Each structure stands twice: as C-alpha cells, then as structure tokens.
Amino acid sequence: MSYTERVIDHYENPRNVGSLDKNDPNVGTGLVGAPSCGDVMKLQIKVNNGVIEEAKFKTFGCGSAIASSSLATEWMKGKSLDEAQKIKNIEIAHYLSLPPVKIHCSVLAEDAIKAAIEDYKSKNKGEMADAA
Amino acid sequence: MTSSKQLYFDYQATTPMDPRALALMLPYFTEKFGNPHSKSHSYGWESEDAIEAARAHIAHLIKADPKEIIFTSGATESNNLAIKGIADFYGDQKRHIITLSTEHKCVLDTCRHLEQKGFEVTYLPVLQNGIVDLDLLKSSIRADTMLVSIMAVNNEIGVIQPIAEIGQICRDRNVFFHTDAAQAFGKIPLDVESMQIDLMSISAHKIYGPKGIGALYVRRKPRIRLNALINGGGQERGMRSGTLPTPLCVGFGEAARLAALEIVDENKRLESFKNYFWETLSAGLKDIYLNGDFNNRIPGNLNISFAYVEGESLLMGLKDIALSSGSACTSSSLEPSYVLRALGVEEELAHTSLRFGFGRFTTLEEVEFLAKRVIEVVEKLREMSPLWEMAQEGIDLKSIEWAGH
C-alpha cells in the first residue's frame, strides 16, 4: 500500500492522541467501528461556550484510519459544534488522497465526529434548552 | 523509501537466489543454449545432460526416481496439474476430493473449479493448532473418493501436517494422496516411499532457486495417470509439453542439491532464531499469540497476533522491514486471513497478525533488530489504541455492542 505524504505524516506524528475524562459534562465521546472489522475510533471533544477547545483521539486501525482521525481532531479544534458537524468524510478523503479501498476510514472519522457531538449534546440537553 | 534498504523477513513469499545456483545457470542462457529436446546434435545433448542432472538432485531430496519428476512452471501449475489431471483421468470412476480449508489459494481455487464441473469437494476444518484431524479425515473418505490433497507445510502459519499418517490412511483406503510441498521441500525431510505420497508439488523459488520453475512428483509404481493440462510435443512423459527452460532447471537442481547438504545446519540456525525471537517478544510484550502449533512447524515461520494493534499499521511502523500481514487491510478483499479464521482465531485478532519469515541469509543481528523494532512499534500503537486502553481499564471488549460496518 503506497501512502501519500500527508497520511504518513499523520501516522508518524499523530496530532492530539490521548483521552479526556469521559465523565466530565463538557466532554463528548464518540466510539465507532468494531474490532472485528479492523478499525475502532474513539474521538473526544471538550466544549466551552459552544466551541470545541480540545479534541483527542485513539484509533485501532490501519494507517489511513489513524491519519483520518488525527486530521479530524485537528479540524475540529476551535470550531463551533455546528461548524464541526459539517465536516464531511469526502473532505478528509480528499485532503489525505485516500485510495478507494480506504474511503471507509474517512467515513468512520465522520461518524466519530458526529458521535462525539451527539454525546456532548445529549449530556447537556437541559442546559442547551435553557440557553435557547 | 527504497525497498532495497528494507530488511527481508518474508522468506515464505519468496527467497533470493543462492549465488551458487545462479552461477551454474548463466552459461545455459548463452553458450550452452541448445534445445534439450534436440536429439541430433551436441547442443541438445549438453542441455539434456544438464537437465537430467538437475532432475536427479530434485528426486534425491524426496527419495524419488528421477523419472518421477515432471518439470512445471511452479507449484501453482503443479497443483493444477495434479488435481485437475487426476480428476480428468479418473473422473468417470470417482467424483470426490478431500482437501483442507487452510490450503493455498491455488489448491482451493482448483477445487472450486472442479466443483463447477460437477465434482464433490470436502474442505476439512483444522484443529486449533492448524493441524488436520486424522479421525475426521478417515471418516470423510467415501467409496467414491479419488484424491486427498493436503499440504505438507502451511504458507501462512508454517505448521507441518502429519504427512506419513495421511499417506498411510490414503493407501489403506486406496485413495490417491497429493501434497503441496511448496513450503516443505528442502525445509523438512520428505520421503515419498515411507510417507506413501503419490503426487507432490514443488517450487524452486522457495528454496533459493529461480522463479518460473517447479515440479510435480508423479508416482510410477504403482503408476499414477494424469491428463495433461498443456498438450504439445509430449515432453515430460506427455504430462507437460513445451521446451524445458534449461537454465531454470539447472538453477532449480543446484538449489535442491544445496538444500540437501545444508538442511540440517540451516534448521538448527533457524530454530535458534525462532526461539530467540519468540522469547524476546514474549518478555517484552503482553497479549501476543503465536498462530499454529509451536513445535510442529518449520522454524523459519512465526505468525503472531499482537492484540489491540492492527496489522497494517504495524507494517507501516516497520517501514524499514519487509513483512507480510494476515490483516485484511493489506489484501484487496478487506477480509482477514482465511487460514487464521480456520484456526478459530477471532476476527479481531486476525487483524493484528504478522508473519515473520527467517531464511538462509538471515543473521542474528537482523533478528535482534527486528525484535527491538517490533516491540517499539507495538508499544507506540498500543498507546494510540482505544482497545488497549479499554483492556487496561478492565473493560471486556466482548461486552460492548460494536456497530459493525
């Protein structure tokens, strides 16, 4: 499998590897994929005033999966939840020049973004309703 | 990144040629170019003599008669010729074939082809250590079973099947026994008489010979009949027409001669590498699993699962090392290895496996470097793995409802 420089860079120097406290009300956690399929992504965001101030990931998967999730955390940081919600798998795939057989890695990253945002929102349902 | 800088640990895929075998081949490309089938002049005789000497070296290594060695283009063709050739010749009497679910693709695909032609094939499962269940084999043989085809050594996990016992069972039940010995020839002692083998597929490039040539051993007493796949001038006792490639035959023969001389010492050396490598990894890493029986294996092959890290990302981290993975992501199908699955290795572990191959030109320094690098990369990737993190927190990964995709 030949990879582009961007995939290799994210694999060798992954951005934002780590974990946030999943019990913190300001943290949203997304866990997607399955070990039997060969890739699992855990993506976490810490939200302050509707803005993602921290994003962390851990990924079990191939180089493309690691690069996709690393890139996703980088793109999410500093964005509002609404902006982050709009990140599309095709943008990740395009930026990393993923080959067709690896497109599912970018799909998984988009799923992880959505799952983390969803988790944050469900934890903070009451507050969000108050703010509205 | 130039591939030539990578350290080579993929000896099951292929081997570099032994320079001694290559040196013997070269004159047969140029001054000794005669067609070995030309009977009317010295060019032809010279080539024929060289080929017959090569044939004798190959026969010697499996205790066969040189007349029983049919040159082919490689083990894939040999497997095709053995299985299709038998089916075609004896198919109006018997219609059933038995093989293993862990055979090489070229045996499995040939069997599928025959199923489409109306033959019945039984694909036997293997035990958890990768070895055939002999009682199951016995009970699977029917009155109309014509052929049992079971490999001698598995290409992915290196386990050695009980060939002599299988030969005895087949002889007792009057069934032909074919073995794909591509990974066994020159690596373990083989004896077609004591092991009662009727047909054996052999490859040259797995034993430091040239690519593009192999052989099929076909028993003469009692005589096994095959219908040829390739028709023509009737070379190779009519079983494989076409002008023999003299240089390839010569290189193959010399590789076999060298293997016979060096097999004992080489296996001792590889055994010490295997033990060193496995002990070093086991001491350095938790949760690693050897796939296939630890003792019934060729020492040059170790297939290991590294729980919680995916095989392809491991390979990417080991970019200075040439290896194969049992993981899905290196194959185009995205399915994890069917051989590992047949052992009952769960899919999540099959995704984490690598095959380490040691051979004639491997040094202890290289194995030490390999062990150090593997431990480093596995540790780095585990730090990045959500599964490792959950396992360390004591979460049972099986208790989680994963969303498959």
# chains A, B, ... in the order shown; residues from 1 in each chain; ligands from 1
$ interface_residues --of "chain B" --to "chain A" --cutoff "6 Å" --atoms "only C-alpha atoms" --output "MDAnalysis selection string"
chainID B and resid 309:310 312:313 347:348 351 384:386 402:404
$ write_last_selection --atoms "C-alpha atoms" --output "JSON list (two decimals), in the first residue's frame"
[["chain", "number", "residue", "atom", "x", "y", "z"],
["B", 309, "VAL", "CA", -2.99, -3.14, 17.24],
["B", 310, "GLU", "CA", -3.95, -3.53, 13.62],
["B", 312, "GLU", "CA", -1.30, -2.89, 8.53],
["B", 313, "SER", "CA", -0.49, -0.01, 10.86],
["B", 347, "GLU", "CA", -11.51, -11.74, 13.50],
["B", 348, "GLU", "CA", -10.29, -9.02, 15.85],
["B", 351, "HIS", "CA", -6.49, -8.29, 12.01],
["B", 384, "MET", "CA", -2.75, 5.05, 20.50],
["B", 385, "SER", "CA", -5.25, 2.17, 20.65],
["B", 386, "PRO", "CA", -8.67, 2.66, 22.27],
["B", 402, "TRP", "CA", -19.94, -2.61, 18.42],
["B", 403, "ALA", "CA", -21.54, -1.06, 15.40],
["B", 404, "GLY", "CA", -20.14, -3.15, 12.57]]
$ residues_around --residues "stretch 20-25 of chain A" --least-positions-apart "4" --cutoff "12 Å" --atoms "only C-alpha atoms" --output "list of chain:residue names"
A:Asn16, A:Thr29, A:Gly30, A:Leu31, A:Lys42, A:Leu43, A:Gln44, A:Ile45, A:Lys46, A:Val47, A:Asn48, A:Glu53, A:Glu54, A:Ala55, A:Lys56, A:Phe57, A:Lys58, A:Ala116, A:Asp119, A:Tyr120, A:Lys121, A:Ser122, A:Lys123, A:Asn124, A:Lys125, A:Gly126, A:Glu127
$ select_by_dssp --residues "stretch 67-166 of chain B" --states "helix (DSSP H, G or I)" --output "MDAnalysis selection string"
chainID B and resid 67:68 75:90 105:116 134:140 163:166
$ write_last_selection --atoms "N, CA and C atoms" --output "compact mmCIF listing (two decimals), in the first residue's frame"
# COMPACT_ATOMS: atom_id res chain seq x y z
N LYS B 67 12.84 -40.22 -12.93
CA LYS B 67 11.78 -40.32 -13.96
C LYS B 67 10.42 -39.87 -13.42
N GLU B 68 10.32 -39.77 -12.10
CA GLU B 68 9.04 -39.40 -11.50
C GLU B 68 8.89 -37.88 -11.33
N ALA B 75 4.81 -24.19 -8.45
CA ALA B 75 3.91 -25.02 -7.63
C ALA B 75 2.44 -24.79 -7.98
N THR B 76 2.08 -23.60 -8.42
CA THR B 76 0.69 -23.36 -8.80
C THR B 76 0.31 -24.28 -9.96
N GLU B 77 1.18 -24.34 -10.97
CA GLU B 77 0.87 -25.24 -12.09
C GLU B 77 0.88 -26.70 -11.64
N SER B 78 1.83 -27.04 -10.77
CA SER B 78 1.91 -28.43 -10.29
C SER B 78 0.61 -28.83 -9.57
N ASN B 79 0.11 -27.93 -8.72
CA ASN B 79 -1.14 -28.22 -8.01
C ASN B 79 -2.30 -28.36 -8.99
N ASN B 80 -2.35 -27.49 -9.97
CA ASN B 80 -3.40 -27.58 -11.00
C ASN B 80 -3.30 -28.90 -11.75
N LEU B 81 -2.06 -29.24 -12.16
CA LEU B 81 -1.87 -30.46 -12.95
C LEU B 81 -2.23 -31.69 -12.13
N ALA B 82 -1.82 -31.73 -10.88
CA ALA B 82 -2.09 -32.90 -10.04
C ALA B 82 -3.60 -33.09 -9.87
N ILE B 83 -4.27 -32.03 -9.45
CA ILE B 83 -5.68 -32.18 -9.07
C ILE B 83 -6.58 -32.30 -10.30
N LYS B 84 -6.39 -31.38 -11.25
CA LYS B 84 -7.23 -31.47 -12.47
C LYS B 84 -6.86 -32.69 -13.29
N GLY B 85 -5.57 -33.02 -13.30
CA GLY B 85 -5.12 -34.16 -14.10
C GLY B 85 -5.70 -35.47 -13.60
N ILE B 86 -5.73 -35.64 -12.29
CA ILE B 86 -6.32 -36.84 -11.68
C ILE B 86 -7.83 -36.86 -11.93
N ALA B 87 -8.46 -35.71 -11.68
CA ALA B 87 -9.92 -35.63 -11.83
C ALA B 87 -10.32 -35.93 -13.26
N ASP B 88 -9.54 -35.43 -14.19
CA ASP B 88 -9.88 -35.62 -15.59
C ASP B 88 -9.70 -37.08 -16.00
N PHE B 89 -8.65 -37.71 -15.48
CA PHE B 89 -8.38 -39.09 -15.91
C PHE B 89 -9.31 -40.09 -15.23
N TYR B 90 -9.52 -39.91 -13.92
CA TYR B 90 -10.28 -40.91 -13.16
C TYR B 90 -11.72 -40.49 -12.89
N LYS B 105 -4.37 -20.85 -1.92
CA LYS B 105 -5.44 -20.46 -2.84
C LYS B 105 -5.46 -21.28 -4.14
N CYS B 106 -4.29 -21.67 -4.64
CA CYS B 106 -4.30 -22.35 -5.93
C CYS B 106 -4.86 -23.76 -5.84
N VAL B 107 -4.80 -24.37 -4.66
CA VAL B 107 -5.47 -25.66 -4.46
C VAL B 107 -6.97 -25.43 -4.28
N LEU B 108 -7.32 -24.47 -3.45
CA LEU B 108 -8.74 -24.20 -3.18
C LEU B 108 -9.45 -23.77 -4.46
N ASP B 109 -8.81 -22.91 -5.23
CA ASP B 109 -9.45 -22.40 -6.43
C ASP B 109 -9.58 -23.50 -7.49
N THR B 110 -8.59 -24.38 -7.55
CA THR B 110 -8.68 -25.53 -8.47
C THR B 110 -9.84 -26.43 -8.05
N CYS B 111 -10.00 -26.65 -6.75
CA CYS B 111 -11.11 -27.47 -6.27
C CYS B 111 -12.46 -26.83 -6.58
N ARG B 112 -12.54 -25.52 -6.41
CA ARG B 112 -13.79 -24.81 -6.74
C ARG B 112 -14.12 -24.98 -8.22
N HIS B 113 -13.08 -24.91 -9.04
CA HIS B 113 -13.26 -25.09 -10.47
C HIS B 113 -13.85 -26.47 -10.76
N LEU B 114 -13.33 -27.49 -10.07
CA LEU B 114 -13.82 -28.84 -10.29
C LEU B 114 -15.25 -29.01 -9.77
N GLU B 115 -15.58 -28.29 -8.68
CA GLU B 115 -16.96 -28.34 -8.19
C GLU B 115 -17.93 -27.85 -9.27
N GLN B 116 -17.49 -26.81 -9.97
CA GLN B 116 -18.35 -26.29 -11.04
C GLN B 116 -18.51 -27.30 -12.16
N LEU B 134 -6.98 -36.30 12.06
CA LEU B 134 -6.85 -37.54 11.26
C LEU B 134 -8.11 -38.40 11.32
N ASP B 135 -8.79 -38.38 12.47
CA ASP B 135 -10.02 -39.18 12.57
C ASP B 135 -11.08 -38.62 11.64
N LEU B 136 -11.13 -37.30 11.57
CA LEU B 136 -12.09 -36.67 10.67
C LEU B 136 -11.75 -36.99 9.22
N LEU B 137 -10.45 -36.99 8.91
CA LEU B 137 -10.04 -37.35 7.55
C LEU B 137 -10.51 -38.76 7.22
N LYS B 138 -10.24 -39.69 8.16
CA LYS B 138 -10.65 -41.09 7.92
C LYS B 138 -12.14 -41.20 7.66
N SER B 139 -12.91 -40.50 8.51
CA SER B 139 -14.36 -40.66 8.39
C SER B 139 -14.91 -39.91 7.18
N SER B 140 -14.10 -39.04 6.58
CA SER B 140 -14.58 -38.29 5.42
C SER B 140 -14.34 -39.02 4.10
N ILE B 163 2.22 -35.92 7.44
CA ILE B 163 2.16 -36.43 6.08
C ILE B 163 2.21 -37.96 6.03
N ALA B 164 3.09 -38.57 6.83
CA ALA B 164 3.20 -40.04 6.78
C ALA B 164 1.90 -40.71 7.22
N GLU B 165 1.26 -40.16 8.25
CA GLU B 165 -0.01 -40.73 8.72
C GLU B 165 -1.09 -40.57 7.65
N ILE B 166 -1.12 -39.42 7.00
CA ILE B 166 -2.11 -39.19 5.94
C ILE B 166 -1.85 -40.17 4.79
$ atom_distance --atom1 "atom CA of B:Ala307" --atom2 "atom CA of B:Tyr338"
18.0 Å
$ select_by_dssp --residues "stretch 8-104 of chain B" --states "strand (DSSP E or B)" --output "VMD selection string"
chain B and resid 8 69 to 72 96 to 100
$ write_last_selection --atoms "N, CA, C and O atoms" --output "PDB file, in the first residue's frame"
ATOM      1  N   TYR B   8      14.850  -8.040   4.973  1.00  0.00           N
ATOM      2  CA  TYR B   8      13.908  -9.007   4.403  1.00  0.00           C
ATOM      3  C   TYR B   8      13.531 -10.106   5.392  1.00  0.00           C
ATOM      4  O   TYR B   8      14.382 -10.895   5.818  1.00  0.00           O
ATOM      5  N   ILE B  69       9.908 -37.124 -11.761  1.00  0.00           N
ATOM      6  CA  ILE B  69       9.884 -35.673 -11.609  1.00  0.00           C
ATOM      7  C   ILE B  69       9.470 -35.022 -12.929  1.00  0.00           C
ATOM      8  O   ILE B  69      10.132 -35.195 -13.953  1.00  0.00           O
ATOM      9  N   ILE B  70       8.364 -34.277 -12.896  1.00  0.00           N
ATOM     10  CA  ILE B  70       7.857 -33.568 -14.072  1.00  0.00           C
ATOM     11  C   ILE B  70       8.099 -32.077 -13.834  1.00  0.00           C
ATOM     12  O   ILE B  70       7.579 -31.520 -12.859  1.00  0.00           O
ATOM     13  N   PHE B  71       8.873 -31.444 -14.701  1.00  0.00           N
ATOM     14  CA  PHE B  71       9.086 -30.003 -14.540  1.00  0.00           C
ATOM     15  C   PHE B  71       7.838 -29.223 -14.964  1.00  0.00           C
ATOM     16  O   PHE B  71       7.189 -29.561 -15.953  1.00  0.00           O
ATOM     17  N   THR B  72       7.532 -28.189 -14.182  1.00  0.00           N
ATOM     18  CA  THR B  72       6.397 -27.301 -14.496  1.00  0.00           C
ATOM     19  C   THR B  72       6.882 -25.858 -14.323  1.00  0.00           C
ATOM     20  O   THR B  72       8.058 -25.631 -14.037  1.00  0.00           O
ATOM     21  N   HIS B  96     -15.103 -37.667  -5.907  1.00  0.00           N
ATOM     22  CA  HIS B  96     -14.993 -36.941  -4.629  1.00  0.00           C
ATOM     23  C   HIS B  96     -13.529 -36.646  -4.283  1.00  0.00           C
ATOM     24  O   HIS B  96     -12.661 -37.505  -4.432  1.00  0.00           O
ATOM     25  N   ILE B  97     -13.283 -35.405  -3.836  1.00  0.00           N
ATOM     26  CA  ILE B  97     -11.939 -34.956  -3.460  1.00  0.00           C
ATOM     27  C   ILE B  97     -11.999 -34.406  -2.040  1.00  0.00           C
ATOM     28  O   ILE B  97     -12.982 -33.762  -1.660  1.00  0.00           O
ATOM     29  N   ILE B  98     -10.944 -34.656  -1.256  1.00  0.00           N
ATOM     30  CA  ILE B  98     -10.867 -34.103   0.101  1.00  0.00           C
ATOM     31  C   ILE B  98      -9.646 -33.196   0.184  1.00  0.00           C
ATOM     32  O   ILE B  98      -8.554 -33.569  -0.273  1.00  0.00           O
ATOM     33  N   THR B  99      -9.824 -32.013   0.750  1.00  0.00           N
ATOM     34  CA  THR B  99      -8.698 -31.109   0.949  1.00  0.00           C
ATOM     35  C   THR B  99      -8.903 -30.369   2.271  1.00  0.00           C
ATOM     36  O   THR B  99      -9.851 -30.644   3.007  1.00  0.00           O
ATOM     37  N   LEU B 100      -8.012 -29.433   2.581  1.00  0.00           N
ATOM     38  CA  LEU B 100      -8.123 -28.676   3.830  1.00  0.00           C
ATOM     39  C   LEU B 100      -8.607 -27.260   3.544  1.00  0.00           C
ATOM     40  O   LEU B 100      -8.280 -26.686   2.503  1.00  0.00           O
TER      41      LEU B 100
END
$ atom_distance --atom1 "atom CA of B:Glu376" --atom2 "atom CA of B:Gly311"
14.4 Å
$ residues_around --residues "A:Lys79" --least-positions-apart "4" --cutoff "9 Å" --atoms "only C-alpha atoms" --output "list in words"
Gly50, Val51, Ile52, Glu53, Trp75, Glu83 and Ala84 of chain A
$ write_last_selection --atoms "N, CA, C and O atoms" --output "compact mmCIF listing (two decimals), in the first residue's frame"
# COMPACT_ATOMS: atom_id res chain seq x y z
N GLY A 50 -19.88 26.51 23.56
CA GLY A 50 -20.27 26.10 22.20
C GLY A 50 -19.11 25.93 21.25
O GLY A 50 -19.31 25.63 20.07
N VAL A 51 -17.89 26.12 21.75
CA VAL A 51 -16.72 25.99 20.88
C VAL A 51 -15.88 24.79 21.35
O VAL A 51 -15.70 24.59 22.55
N ILE A 52 -15.38 24.02 20.38
CA ILE A 52 -14.56 22.87 20.72
C ILE A 52 -13.16 23.37 21.05
O ILE A 52 -12.44 23.85 20.18
N GLU A 53 -12.79 23.29 22.32
CA GLU A 53 -11.46 23.82 22.66
C GLU A 53 -10.40 22.73 22.72
O GLU A 53 -9.21 23.02 22.62
N TRP A 75 -8.99 19.42 12.66
CA TRP A 75 -10.00 20.28 12.02
C TRP A 75 -11.09 20.72 12.98
O TRP A 75 -11.71 21.76 12.82
N GLU A 83 -20.25 24.09 13.15
CA GLU A 83 -19.24 24.02 12.10
C GLU A 83 -18.63 22.62 12.02
O GLU A 83 -18.45 22.06 10.93
N ALA A 84 -18.31 22.06 13.19
CA ALA A 84 -17.68 20.73 13.22
C ALA A 84 -18.61 19.67 12.65
O ALA A 84 -18.18 18.74 11.96
$ residues_around --residues "stretch 125-133 of chain B" --least-positions-apart "6" --cutoff "9 Å" --atoms "only C-alpha atoms" --output "list in words"
Leu100, Ser101, Thr102, Ile150, Asn154, Ile157, Val159, Ile160, Gln161, Pro162, Asn291, Gly292, Asp293, Phe294, Asn296, Val339, Leu340, Ala342, Leu343, Gly344 and Val345 of chain B
$ residues_around --residues "B:Thr280" --least-positions-apart "3" --cutoff "10 Å" --atoms "only C-alpha atoms" --output "PyMOL selection string"
chain B and resi 274-277+283-285+368+371-372+375
$ write_last_selection --atoms "N, CA, C and O atoms" --output "PDB file, in the first residue's frame"
ATOM      1  N   LYS B 274      14.213 -18.545  15.842  1.00  0.00           N
ATOM      2  CA  LYS B 274      12.795 -18.629  16.221  1.00  0.00           C
ATOM      3  C   LYS B 274      12.652 -18.522  17.734  1.00  0.00           C
ATOM      4  O   LYS B 274      11.836 -17.741  18.247  1.00  0.00           O
ATOM      5  N   ASN B 275      13.466 -19.298  18.468  1.00  0.00           N
ATOM      6  CA  ASN B 275      13.366 -19.289  19.926  1.00  0.00           C
ATOM      7  C   ASN B 275      13.749 -17.933  20.499  1.00  0.00           C
ATOM      8  O   ASN B 275      13.063 -17.406  21.373  1.00  0.00           O
ATOM      9  N   TYR B 276      14.832 -17.367  19.967  1.00  0.00           N
ATOM     10  CA  TYR B 276      15.254 -16.055  20.447  1.00  0.00           C
ATOM     11  C   TYR B 276      14.145 -15.021  20.222  1.00  0.00           C
ATOM     12  O   TYR B 276      13.795 -14.238  21.113  1.00  0.00           O
ATOM     13  N   PHE B 277      13.592 -15.026  19.011  1.00  0.00           N
ATOM     14  CA  PHE B 277      12.601 -14.009  18.639  1.00  0.00           C
ATOM     15  C   PHE B 277      11.339 -14.132  19.497  1.00  0.00           C
ATOM     16  O   PHE B 277      10.843 -13.148  20.052  1.00  0.00           O
ATOM     17  N   ALA B 283       8.825 -11.688  26.361  1.00  0.00           N
ATOM     18  CA  ALA B 283       9.306 -10.975  27.542  1.00  0.00           C
ATOM     19  C   ALA B 283       8.958  -9.488  27.447  1.00  0.00           C
ATOM     20  O   ALA B 283       8.700  -8.839  28.456  1.00  0.00           O
ATOM     21  N   GLY B 284       8.928  -8.937  26.244  1.00  0.00           N
ATOM     22  CA  GLY B 284       8.742  -7.507  26.078  1.00  0.00           C
ATOM     23  C   GLY B 284       7.300  -7.057  25.944  1.00  0.00           C
ATOM     24  O   GLY B 284       6.989  -5.888  26.187  1.00  0.00           O
ATOM     25  N   LEU B 285       6.412  -7.953  25.544  1.00  0.00           N
ATOM     26  CA  LEU B 285       5.044  -7.548  25.234  1.00  0.00           C
ATOM     27  C   LEU B 285       4.033  -8.503  25.861  1.00  0.00           C
ATOM     28  O   LEU B 285       4.204  -9.715  25.811  1.00  0.00           O
ATOM     29  N   GLU B 368      17.705  -9.651  16.005  1.00  0.00           N
ATOM     30  CA  GLU B 368      17.716  -8.795  17.210  1.00  0.00           C
ATOM     31  C   GLU B 368      17.115  -7.431  16.895  1.00  0.00           C
ATOM     32  O   GLU B 368      16.299  -6.895  17.660  1.00  0.00           O
ATOM     33  N   ALA B 371      13.301  -7.760  16.515  1.00  0.00           N
ATOM     34  CA  ALA B 371      12.593  -7.884  17.785  1.00  0.00           C
ATOM     35  C   ALA B 371      12.476  -6.524  18.472  1.00  0.00           C
ATOM     36  O   ALA B 371      11.411  -6.154  18.978  1.00  0.00           O
ATOM     37  N   LYS B 372      13.571  -5.772  18.443  1.00  0.00           N
ATOM     38  CA  LYS B 372      13.577  -4.454  19.085  1.00  0.00           C
ATOM     39  C   LYS B 372      12.562  -3.526  18.410  1.00  0.00           C
ATOM     40  O   LYS B 372      11.766  -2.860  19.077  1.00  0.00           O
ATOM     41  N   ILE B 375       8.813  -4.527  19.102  1.00  0.00           N
ATOM     42  CA  ILE B 375       8.367  -4.148  20.447  1.00  0.00           C
ATOM     43  C   ILE B 375       8.092  -2.640  20.507  1.00  0.00           C
ATOM     44  O   ILE B 375       7.049  -2.212  21.015  1.00  0.00           O
TER      45      ILE B 375
END
$ residues_around --residues "A:Gln85" --least-positions-apart "6" --cutoff "8 Å" --atoms "only C-alpha atoms" --output "PyMOL selection string"
chain A and resi 113-114+117
$ closest_residue --among "A:Leu71, A:Ala112, A:His10, A:Met76" --to "A:Ile92" --atoms "only C-alpha atoms"
A:Leu71
$ atom_distance --atom1 "atom CA of B:Ala256" --atom2 "atom CA of B:Ala53"
11.2 Å
$ residues_around --residues "B:Ala260" --least-positions-apart "5" --cutoff "12 Å" --atoms "only C-alpha atoms" --output "number ranges by chain"
B: 57-63, 185-190, 207, 253-255, 265-267
$ closest_residue --among "B:Gly214, B:Gly158, B:Gly167, B:Gly357" --to "B:Arg297" --atoms "only C-alpha atoms"
B:Gly158
